[in-house]
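Asks: Contents of model33.pdb (PDB, C-alpha atoms, pLDDT in the B column):
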```
MODEL        1
ATOM      1  CA  MET H  21       0.000   0.000   0.000  1.00 36.00           C
ATOM      2  CA  THR H  22       1.278   3.498  -0.772  1.00 38.00           C
ATOM      3  CA  GLY H  23       1.372   6.412   1.692  1.00 39.00           C
ATOM      4  CA  ARG H  24      -2.398   6.871   1.394  1.00 37.00           C
ATOM      5  CA  SER H  25      -4.641   5.435   4.102  1.00 40.00           C
ATOM      6  CA  PHE H  26      -7.265   3.010   2.893  1.00 37.00           C
ATOM      7  CA  HIS H  27     -10.885   3.962   3.627  1.00 38.00           C
ATOM      8  CA  TYR H  28     -13.555   1.321   4.234  1.00 37.00           C
ATOM      9  CA  PRO H  29     -17.061   2.013   2.893  1.00 40.00           C
ATOM     10  CA  GLY H  30     -19.539   2.826   5.640  1.00 40.00           C
ATOM     11  CA  VAL H  31     -16.863   4.301   7.901  1.00 39.00           C
ATOM     12  CA  PRO H  32     -16.657   8.106   7.829  1.00 40.00           C
ATOM     13  CA  LYS H  33     -13.185   9.391   6.903  1.00 41.00           C
ATOM     14  CA  GLU H  34     -12.975  11.369  10.140  1.00 42.00           C
ATOM     15  CA  TYR H  35     -12.835   8.072  12.079  1.00 42.00           C
ATOM     16  CA  PRO H  36      -9.320   6.894  11.134  1.00 44.00           C
ATOM     17  CA  ILE H  37      -9.128   4.716  14.286  1.00 45.00           C
ATOM     18  CA  VAL H  38     -11.384   2.177  12.542  1.00 46.00           C
ATOM     19  CA  ASN H  39      -8.884   1.672   9.751  1.00 46.00           C
ATOM     20  CA  LYS H  40      -5.824   1.211  11.988  1.00 53.00           C
ATOM     21  CA  SER H  41      -6.656  -0.411  15.332  1.00 56.00           C
ATOM     22  CA  THR H  42      -5.347  -3.906  16.038  1.00 69.00           C
ATOM     23  CA  ASP H  43      -6.306  -3.818  19.747  1.00 88.00           C
ATOM     24  CA  ILE H  44      -8.840  -6.453  20.780  1.00 94.00           C
ATOM     25  CA  HIS H  45     -12.039  -5.150  22.376  1.00 95.00           C
ATOM     26  CA  TRP H  46     -15.719  -6.012  22.594  1.00 96.00           C
ATOM     27  CA  TYR H  47     -17.734  -4.104  19.965  1.00 96.00           C
ATOM     28  CA  PRO H  48     -21.523  -4.001  19.664  1.00 95.00           C
ATOM     29  CA  LEU H  49     -22.485  -4.302  15.992  1.00 95.00           C
ATOM     30  CA  ARG H  50     -25.762  -3.810  14.133  1.00 93.00           C
ATOM     31  CA  VAL H  51     -26.845  -6.280  11.464  1.00 93.00           C
ATOM     32  CA  THR H  52     -29.734  -5.648   9.084  1.00 89.00           C
ATOM     33  CA  TYR H  53     -32.928  -7.682   8.669  1.00 89.00           C
ATOM     34  CA  SER H  54     -32.556  -9.829  11.816  1.00 89.00           C
ATOM     35  CA  ARG H  55     -29.588 -11.723  10.365  1.00 92.00           C
ATOM     36  CA  GLU H  56     -27.518 -11.663  13.562  1.00 94.00           C
ATOM     37  CA  LEU H  57     -27.502 -15.478  13.743  1.00 94.00           C
ATOM     38  CA  LEU H  58     -26.073 -15.646  10.216  1.00 94.00           C
ATOM     39  CA  LEU H  59     -23.242 -13.310  11.247  1.00 95.00           C
ATOM     40  CA  LYS H  60     -22.715 -15.444  14.366  1.00 95.00           C
ATOM     41  CA  GLU H  61     -22.220 -18.523  12.151  1.00 94.00           C
ATOM     42  CA  ILE H  62     -19.620 -16.637  10.095  1.00 94.00           C
ATOM     43  CA  LEU H  63     -17.791 -15.420  13.214  1.00 95.00           C
ATOM     44  CA  ASP H  64     -17.908 -18.891  14.806  1.00 95.00           C
ATOM     45  CA  ALA H  65     -16.400 -20.391  11.637  1.00 93.00           C
ATOM     46  CA  GLU H  66     -13.582 -17.809  11.879  1.00 92.00           C
ATOM     47  CA  LYS H  67     -13.199 -18.647  15.615  1.00 94.00           C
ATOM     48  CA  ILE H  68     -13.966 -15.036  16.606  1.00 95.00           C
ATOM     49  CA  GLU H  69     -15.541 -14.655  20.046  1.00 95.00           C
ATOM     50  CA  ASN H  70     -19.063 -13.242  19.891  1.00 95.00           C
ATOM     51  CA  PHE H  71     -22.241 -13.077  21.930  1.00 95.00           C
ATOM     52  CA  ILE H  72     -25.922 -12.624  21.185  1.00 94.00           C
ATOM     53  CA  PRO H  73     -28.250 -12.229  24.192  1.00 91.00           C
ATOM     54  CA  MET H  74     -30.877 -14.966  23.798  1.00 90.00           C
ATOM     55  CA  HIS H  75     -34.040 -16.071  25.597  1.00 87.00           C
ATOM     56  CA  TYR H  76     -36.735 -18.680  25.239  1.00 88.00           C
ATOM     57  CA  GLU H  77     -39.960 -17.636  23.558  1.00 86.00           C
ATOM     58  CA  CYS H  78     -43.133 -19.641  22.960  1.00 86.00           C
ATOM     59  CA  ILE H  79     -43.966 -19.604  19.263  1.00 86.00           C
ATOM     60  CA  GLN H  80     -47.179 -20.927  17.725  1.00 87.00           C
ATOM     61  CA  LYS H  81     -46.407 -23.622  15.108  1.00 86.00           C
ATOM     62  CA  GLY H  82     -49.666 -24.729  13.594  1.00 89.00           C
ATOM     63  CA  GLU H  83     -51.750 -26.250  16.405  1.00 90.00           C
ATOM     64  CA  ARG H  84     -49.027 -26.378  19.031  1.00 91.00           C
ATOM     65  CA  LYS H  85     -46.710 -24.025  20.897  1.00 90.00           C
ATOM     66  CA  VAL H  86     -42.975 -24.532  20.550  1.00 91.00           C
ATOM     67  CA  ARG H  87     -40.379 -23.157  22.964  1.00 89.00           C
ATOM     68  CA  LYS H  88     -37.586 -21.643  20.891  1.00 89.00           C
ATOM     69  CA  LEU H  89     -34.303 -19.899  21.774  1.00 89.00           C
ATOM     70  CA  VAL H  90     -34.297 -16.531  19.972  1.00 90.00           C
ATOM     71  CA  PRO H  91     -32.314 -13.268  20.158  1.00 91.00           C
ATOM     72  CA  VAL H  92     -33.566 -10.814  22.783  1.00 88.00           C
ATOM     73  CA  VAL H  93     -32.736  -7.851  20.567  1.00 87.00           C
ATOM     74  CA  HIS H  94     -32.753  -8.478  16.845  1.00 90.00           C
ATOM     75  CA  ASN H  95     -29.984  -6.949  14.718  1.00 92.00           C
ATOM     76  CA  LEU H  96     -27.474  -6.801  17.619  1.00 94.00           C
ATOM     77  CA  ILE H  97     -24.340  -8.867  18.179  1.00 95.00           C
ATOM     78  CA  PHE H  98     -21.306  -8.322  20.399  1.00 96.00           C
ATOM     79  CA  VAL H  99     -17.922  -9.194  18.864  1.00 97.00           C
ATOM     80  CA  ARG H 100     -14.551  -9.459  20.636  1.00 96.00           C
ATOM     81  CA  SER H 101     -11.859  -8.764  18.084  1.00 95.00           C
ATOM     82  CA  SER H 102      -9.746  -6.014  16.570  1.00 94.00           C
ATOM     83  CA  LEU H 103     -11.260  -3.405  14.270  1.00 92.00           C
ATOM     84  CA  GLU H 104      -8.873  -4.609  11.585  1.00 92.00           C
ATOM     85  CA  CYS H 105     -10.287  -8.153  11.796  1.00 94.00           C
ATOM     86  CA  ILE H 106     -13.895  -6.939  11.938  1.00 94.00           C
ATOM     87  CA  GLU H 107     -13.272  -4.791   8.853  1.00 92.00           C
ATOM     88  CA  ARG H 108     -11.811  -7.779   6.984  1.00 93.00           C
ATOM     89  CA  ILE H 109     -14.960  -9.786   7.699  1.00 93.00           C
ATOM     90  CA  ARG H 110     -17.263  -6.846   6.923  1.00 92.00           C
ATOM     91  CA  GLN H 111     -15.599  -6.450   3.533  1.00 91.00           C
ATOM     92  CA  SER H 112     -15.812 -10.166   2.716  1.00 90.00           C
ATOM     93  CA  ILE H 113     -19.577 -10.285   3.416  1.00 90.00           C
ATOM     94  CA  ALA H 114     -20.481  -6.714   2.350  1.00 82.00           C
ATOM     95  CA  LEU H 115     -22.639  -7.755  -0.605  1.00 79.00           C
ATOM     96  CA  SER H 116     -24.748 -10.234   1.353  1.00 84.00           C
ATOM     97  CA  LEU H 117     -24.843  -8.808   4.891  1.00 89.00           C
ATOM     98  CA  ALA H 118     -24.702  -5.183   6.061  1.00 90.00           C
ATOM     99  CA  VAL H 119     -22.838  -4.834   9.375  1.00 92.00           C
ATOM    100  CA  ARG H 120     -22.466  -1.465  11.099  1.00 92.00           C
ATOM    101  CA  TYR H 121     -20.669  -0.182  14.172  1.00 92.00           C
ATOM    102  CA  ILE H 122     -22.542   1.546  16.971  1.00 91.00           C
ATOM    103  CA  PHE H 123     -20.706   4.852  17.414  1.00 87.00           C
ATOM    104  CA  ASN H 124     -19.989   6.884  20.518  1.00 83.00           C
ATOM    105  CA  GLN H 125     -20.994  10.262  19.129  1.00 79.00           C
ATOM    106  CA  GLU H 126     -18.922  12.241  21.652  1.00 81.00           C
ATOM    107  CA  LEU H 127     -15.673  10.381  20.993  1.00 83.00           C
ATOM    108  CA  ARG H 128     -16.458   9.909  17.288  1.00 86.00           C
ATOM    109  CA  ARG H 129     -15.408   6.251  17.313  1.00 90.00           C
ATOM    110  CA  PRO H 130     -17.077   2.822  17.639  1.00 93.00           C
ATOM    111  CA  ILE H 131     -18.287   1.955  21.128  1.00 92.00           C
ATOM    112  CA  THR H 132     -15.980  -0.450  22.952  1.00 94.00           C
ATOM    113  CA  ILE H 133     -17.037  -2.455  25.993  1.00 94.00           C
ATOM    114  CA  PRO H 134     -14.538  -3.303  28.757  1.00 93.00           C
ATOM    115  CA  ASP H 135     -13.901  -7.051  29.184  1.00 93.00           C
ATOM    116  CA  SER H 136     -15.028  -7.031  32.837  1.00 90.00           C
ATOM    117  CA  GLN H 137     -18.318  -5.335  31.954  1.00 90.00           C
ATOM    118  CA  MET H 138     -18.939  -7.773  29.119  1.00 93.00           C
ATOM    119  CA  ARG H 139     -18.123 -10.772  31.366  1.00 91.00           C
ATOM    120  CA  SER H 140     -20.755  -9.565  33.855  1.00 88.00           C
ATOM    121  CA  PHE H 141     -23.244  -8.941  31.046  1.00 89.00           C
ATOM    122  CA  ILE H 142     -22.702 -12.439  29.604  1.00 90.00           C
ATOM    123  CA  ALA H 143     -22.896 -14.024  33.076  1.00 86.00           C
ATOM    124  CA  VAL H 144     -26.354 -12.553  33.587  1.00 84.00           C
ATOM    125  CA  SER H 145     -27.828 -12.622  30.082  1.00 85.00           C
ATOM    126  CA  GLY H 146     -26.239 -15.982  29.198  1.00 80.00           C
ATOM    127  CA  ASN H 147     -28.489 -17.733  31.765  1.00 76.00           C
ATOM    128  CA  TYR H 148     -31.443 -18.568  29.529  1.00 73.00           C
ATOM    129  CA  GLU H 149     -33.395 -20.337  32.281  1.00 67.00           C
ATOM    130  CA  GLU H 150     -33.163 -17.506  34.837  1.00 63.00           C
ATOM    131  CA  GLN H 151     -35.686 -14.726  35.206  1.00 67.00           C
ATOM    132  CA  ILE H 152     -33.930 -11.690  33.792  1.00 70.00           C
ATOM    133  CA  VAL H 153     -35.246  -8.425  32.474  1.00 68.00           C
ATOM    134  CA  TYR H 154     -33.649  -6.499  29.604  1.00 68.00           C
ATOM    135  CA  LEU H 155     -33.691  -2.757  30.159  1.00 61.00           C
ATOM    136  CA  ASP H 156     -33.268   0.286  27.982  1.00 57.00           C
ATOM    137  CA  PRO H 157     -29.892   1.933  28.850  1.00 56.00           C
ATOM    138  CA  ILE H 158     -31.687   5.191  29.632  1.00 44.00           C
ATOM    139  CA  ALA H 159     -33.600   3.430  32.416  1.00 39.00           C
ATOM    140  CA  THR H 160     -30.358   2.337  34.110  1.00 39.00           C
ATOM    141  CA  ALA H 161     -28.632   5.622  34.874  1.00 37.00           C
ATOM    142  CA  LEU H 162     -25.694   4.631  37.074  1.00 30.00           C
ATOM    143  CA  GLN H 163     -26.035   7.576  39.446  1.00 37.00           C
ATOM    144  CA  LYS H 164     -29.478   6.363  40.573  1.00 45.00           C
ATOM    145  CA  GLY H 165     -28.212   3.177  42.281  1.00 71.00           C
ATOM    146  CA  ASP H 166     -25.274   1.868  44.219  1.00 77.00           C
ATOM    147  CA  ARG H 167     -22.527  -0.091  42.508  1.00 80.00           C
ATOM    148  CA  VAL H 168     -22.579  -3.606  43.889  1.00 81.00           C
ATOM    149  CA  ARG H 169     -20.949  -7.019  43.538  1.00 81.00           C
ATOM    150  CA  VAL H 170     -22.862 -10.298  43.883  1.00 81.00           C
ATOM    151  CA  THR H 171     -21.038 -12.480  46.433  1.00 80.00           C
ATOM    152  CA  GLY H 172     -22.831 -15.808  46.028  1.00 79.00           C
ATOM    153  CA  GLY H 173     -25.189 -17.878  43.924  1.00 80.00           C
ATOM    154  CA  ILE H 174     -25.110 -18.320  40.161  1.00 81.00           C
ATOM    155  CA  PHE H 175     -24.357 -14.617  39.590  1.00 81.00           C
ATOM    156  CA  GLU H 176     -21.353 -14.581  41.963  1.00 84.00           C
ATOM    157  CA  GLY H 177     -18.758 -12.027  40.881  1.00 85.00           C
ATOM    158  CA  VAL H 178     -21.156 -10.011  38.711  1.00 85.00           C
ATOM    159  CA  GLU H 179     -20.763  -6.281  39.238  1.00 84.00           C
ATOM    160  CA  GLY H 180     -23.517  -3.850  38.451  1.00 84.00           C
ATOM    161  CA  VAL H 181     -25.971  -1.330  39.830  1.00 81.00           C
ATOM    162  CA  ILE H 182     -28.680  -2.137  42.327  1.00 75.00           C
ATOM    163  CA  LYS H 183     -32.187  -1.580  40.981  1.00 75.00           C
ATOM    164  CA  GLY H 184     -35.567  -1.887  42.677  1.00 67.00           C
ATOM    165  CA  ALA H 185     -36.712  -5.237  44.061  1.00 59.00           C
ATOM    166  CA  ARG H 186     -33.065  -6.327  44.683  1.00 64.00           C
ATOM    167  CA  ARG H 187     -32.191  -6.744  41.023  1.00 73.00           C
ATOM    168  CA  VAL H 188     -28.625  -6.106  39.898  1.00 79.00           C
ATOM    169  CA  SER H 189     -28.421  -4.292  36.582  1.00 81.00           C
ATOM    170  CA  VAL H 190     -25.416  -4.634  34.269  1.00 81.00           C
ATOM    171  CA  CYS H 191     -25.385  -1.802  31.747  1.00 78.00           C
ATOM    172  CA  ILE H 192     -23.475  -1.598  28.477  1.00 79.00           C
ATOM    173  CA  GLN H 193     -23.414   2.153  28.044  1.00 72.00           C
ATOM    174  CA  GLY H 194     -25.497   3.323  25.096  1.00 75.00           C
ATOM    175  CA  VAL H 195     -26.470  -0.185  23.972  1.00 82.00           C
ATOM    176  CA  MET H 196     -28.586  -2.080  26.517  1.00 79.00           C
ATOM    177  CA  ALA H 197     -28.754  -3.372  30.066  1.00 80.00           C
ATOM    178  CA  VAL H 198     -29.769  -6.631  31.687  1.00 82.00           C
ATOM    179  CA  ALA H 199     -31.057  -7.181  35.228  1.00 80.00           C
ATOM    180  CA  THR H 200     -30.886 -10.348  37.307  1.00 78.00           C
ATOM    181  CA  ALA H 201     -33.781 -12.002  39.073  1.00 74.00           C
ATOM    182  CA  TYR H 202     -34.271 -11.118  42.744  1.00 73.00           C
ATOM    183  CA  ILE H 203     -31.045 -11.521  44.705  1.00 73.00           C
ATOM    184  CA  HIS H 204     -31.153 -11.873  48.469  1.00 65.00           C
ATOM    185  CA  PRO H 205     -29.509  -8.890  50.221  1.00 65.00           C
ATOM    186  CA  SER H 206     -27.039 -11.211  51.973  1.00 65.00           C
ATOM    187  CA  LEU H 207     -25.507 -12.010  48.565  1.00 73.00           C
ATOM    188  CA  ILE H 208     -24.846  -8.385  47.590  1.00 73.00           C
ATOM    189  CA  GLU H 209     -21.987  -6.165  48.730  1.00 76.00           C
ATOM    190  CA  ARG H 210     -21.550  -2.482  47.955  1.00 76.00           C
ATOM    191  CA  ILE H 211     -18.459  -1.547  45.950  1.00 83.00           C
ATOM    192  CA  PRO H 212     -16.789   1.435  47.647  1.00 77.00           C
ATOM    193  CA  ASP H 213     -16.260   4.513  45.454  1.00 72.00           C
ATOM    194  CA  SER H 214     -12.491   4.198  45.910  1.00 60.00           C
ATOM    195  CA  SER H 215     -12.375   0.901  43.929  1.00 49.00           C
ATOM    196  CA  LEU H 216     -13.932   2.390  40.768  1.00 45.00           C
TER
ENDMDL
END
```
What's the structure tokens form of this structure?
Replies:
Amino acid sequence: MTGRSFHYPGVPKEYPIVNKSTDIHWYPLRVTYSRELLLKEILDAEKIENFIPMHYECIQKGERKVRKLVPVVHNLIFVRSSLECIERIRQSIALSLAVRYIFNQELRRPITIPDSQMRSFIAVSGNYEEQIVYLDPIATALQKGDRVRVTGGIFEGVEGVIKGARRVSVCIQGVMAVATAYIHPSLIERIPDSSL
């Protein structure tokens, strides 16, 4: 390549970080027409870590109801990779599948999710059998609740914000949030401000 920087379609030129970053992060991506499971198959084949929040839903099939595992939010997938690798895949599937970054408008770059936050999010939303509630990120303003850590049970180690009815909310800023089922107060400890 000459001294010019290559520009990928769909990425504004003022976001040069997208064209150069080789750091591995979690990125939330948008996929068109509810084809997130198709992208997941492609990423799995490439051995690229990814996550789609799923839940069971009862669907009417003819005369009977069938319990089926489906995405909670269509068109959304979380991918842990470098921007360089994501761009390579986006370019290879561009004609058949539109994939877009979710941008942080203030920083003018794709949203990245810290590994610890994503681990907590997956720990809660990856439990398909548990009673969890998905929340709009606006409804989970961090300053409204205390930061807490779950100290026991299946959600042990999850860090999030306490919400009403003893639910712990894990928020991915600007994308979505997930809340656990009721957690007994003896299994929750407050995280002091100094450890943030």
Asks: Can you tell me which residues surround Leu58 of chain H at a distance of at most 12 Å, considering all atoms listed in the file, apart from same-chain residues fewer than 5 positions away, and format the answer as a list in words?
Replies: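 The residues that qualify are Val51, Thr52, Tyr53, Leu63, Asp64, Ala65, Ile72, Pro91, His94, Asn95, Leu96, Ile97, Ile113, Ser116, Leu117, Ala118 and Val119 of chain H.
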Asks: Could you pull the residues within 9 Å of Phe71 of chain H, counting only C-alpha atoms, minus those fewer than 6 positions along the same chain, as a short mmCIF file (atom, residue, chain, number, x, y, z; two decimals) with C-alpha atoms, in the coordinates of the input?
Replies:
```
data_model
loop_
_atom_site.label_atom_id
_atom_site.label_comp_id
_atom_site.auth_asym_id
_atom_site.auth_seq_id
_atom_site.Cartn_x
_atom_site.Cartn_y
_atom_site.Cartn_z
CA LYS H 60 -22.72 -15.44 14.37
CA ILE H 97 -24.34 -8.87 18.18
CA PHE H 98 -21.31 -8.32 20.40
CA VAL H 99 -17.92 -9.19 18.86
CA ARG H 100 -14.55 -9.46 20.64
CA ILE H 142 -22.70 -12.44 29.60
CA GLY H 146 -26.24 -15.98 29.20
#
```
Asks: Name the closest residue to Cys105 of chain H among the candidates H:Gln125, H:Leu49, H:Ile44, H:Ala143; distances are taken between atoms, counting all atoms listed in the file.
Replies: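 When distances to Cys105 of chain H are compared using all atoms listed in the file, the smallest one comes from H:Ile44.
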Asks: When you draw a straight line from atom CA of Val198 of chain H to atom CA of Arg169 of chain H, how long is it in Å?
Replies: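 If I compute the distance from atom CA of Val198 of chain H to atom CA of Arg169 of chain H, I get 14.8 Å.
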Asks: In Å to one decimal, how far is atom CA of Asp213 of chain H from atom CA of Val188 of chain H?
Replies: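 Spanning atom CA of Val188 of chain H to atom CA of Asp213 of chain H is a straight-line distance of 17.2 Å.
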Asks: Once the PyMOL selection byres ((chain H and resi 209) around 10) is applied to the coordinates I shared, what remains selected? I want it as a VMD selection string.
Replies: chain H and resid 166 to 171 179 205 to 208 210 to 212
Asks: Kindly give the distance, in Å, that separates atom CA of Glu56 of chain H and atom CA of Ile174 of chain H, rounded to a single decimal.
Replies: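 Atom-to-atom, atom CA of Glu56 of chain H to atom CA of Ile174 of chain H, that is 27.5 Å.
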Asks: Excluding same-chain residues fewer than 6 positions from Ile131 of chain H, what lies within 7 Å of it counting all atoms listed in the file, as an MDAnalysis selection string?
Replies: chainID H and resid 47:48 122:124
Asks: Grab the residues selected above and save them as a PDB file, in the frame of the given file with C-alpha atoms.
Replies:
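out.pdb was written with the following content:
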```pdb
ATOM      1  CA  TYR H  47     -17.734  -4.104  19.965  1.00 96.00           C
ATOM      2  CA  PRO H  48     -21.523  -4.001  19.664  1.00 95.00           C
ATOM      3  CA  ILE H 122     -22.542   1.546  16.971  1.00 91.00           C
ATOM      4  CA  PHE H 123     -20.706   4.852  17.414  1.00 87.00           C
ATOM      5  CA  ASN H 124     -19.989   6.884  20.518  1.00 83.00           C
TER       6      ASN H 124
END
```
Asks: With a distance cut-off of 10 Å and all atoms listed in the file, select the neighbouring residues of Ile203 of chain H, excluding the residue or stretch itself and same-chain residues fewer than 5 positions from it, and output the selection as a PDB file with C-alpha atoms, in the coordinates of the input.
Replies:
```
ATOM      1  CA  VAL H 170     -22.862 -10.298  43.883  1.00 81.00           C
ATOM      2  CA  GLY H 172     -22.831 -15.808  46.028  1.00 79.00           C
ATOM      3  CA  GLY H 173     -25.189 -17.878  43.924  1.00 80.00           C
ATOM      4  CA  PHE H 175     -24.357 -14.617  39.590  1.00 81.00           C
ATOM      5  CA  ILE H 182     -28.680  -2.137  42.327  1.00 75.00           C
ATOM      6  CA  ALA H 185     -36.712  -5.237  44.061  1.00 59.00           C
ATOM      7  CA  ARG H 186     -33.065  -6.327  44.683  1.00 64.00           C
ATOM      8  CA  ARG H 187     -32.191  -6.744  41.023  1.00 73.00           C
ATOM      9  CA  VAL H 188     -28.625  -6.106  39.898  1.00 79.00           C
ATOM     10  CA  ILE H 208     -24.846  -8.385  47.590  1.00 73.00           C
TER      11      ILE H 208
END
```
Asks: Padding 8 Å on every side, please: axis-aligned box over the listed atoms of segment 107-123 of chain H, centre and edge lengths to one decimal in Å, as AutoDock Vina command-line options.
Replies:
```
--center_x -18.3 --center_y -2.7 --center_z 8.4 --size_x 29.0 --size_y 31.1 --size_z 34.0
```
Asks: Apply the PyMOL selection byres ((chain H and resi 74) around 8) to the file shown and report the selected residues as a list in words.
Replies: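 Applying the expression gives Ile72, Pro73, His75, Tyr76, Leu89, Val90, Pro91, Val92, Ser145, Gly146 and Tyr148 of chain H.
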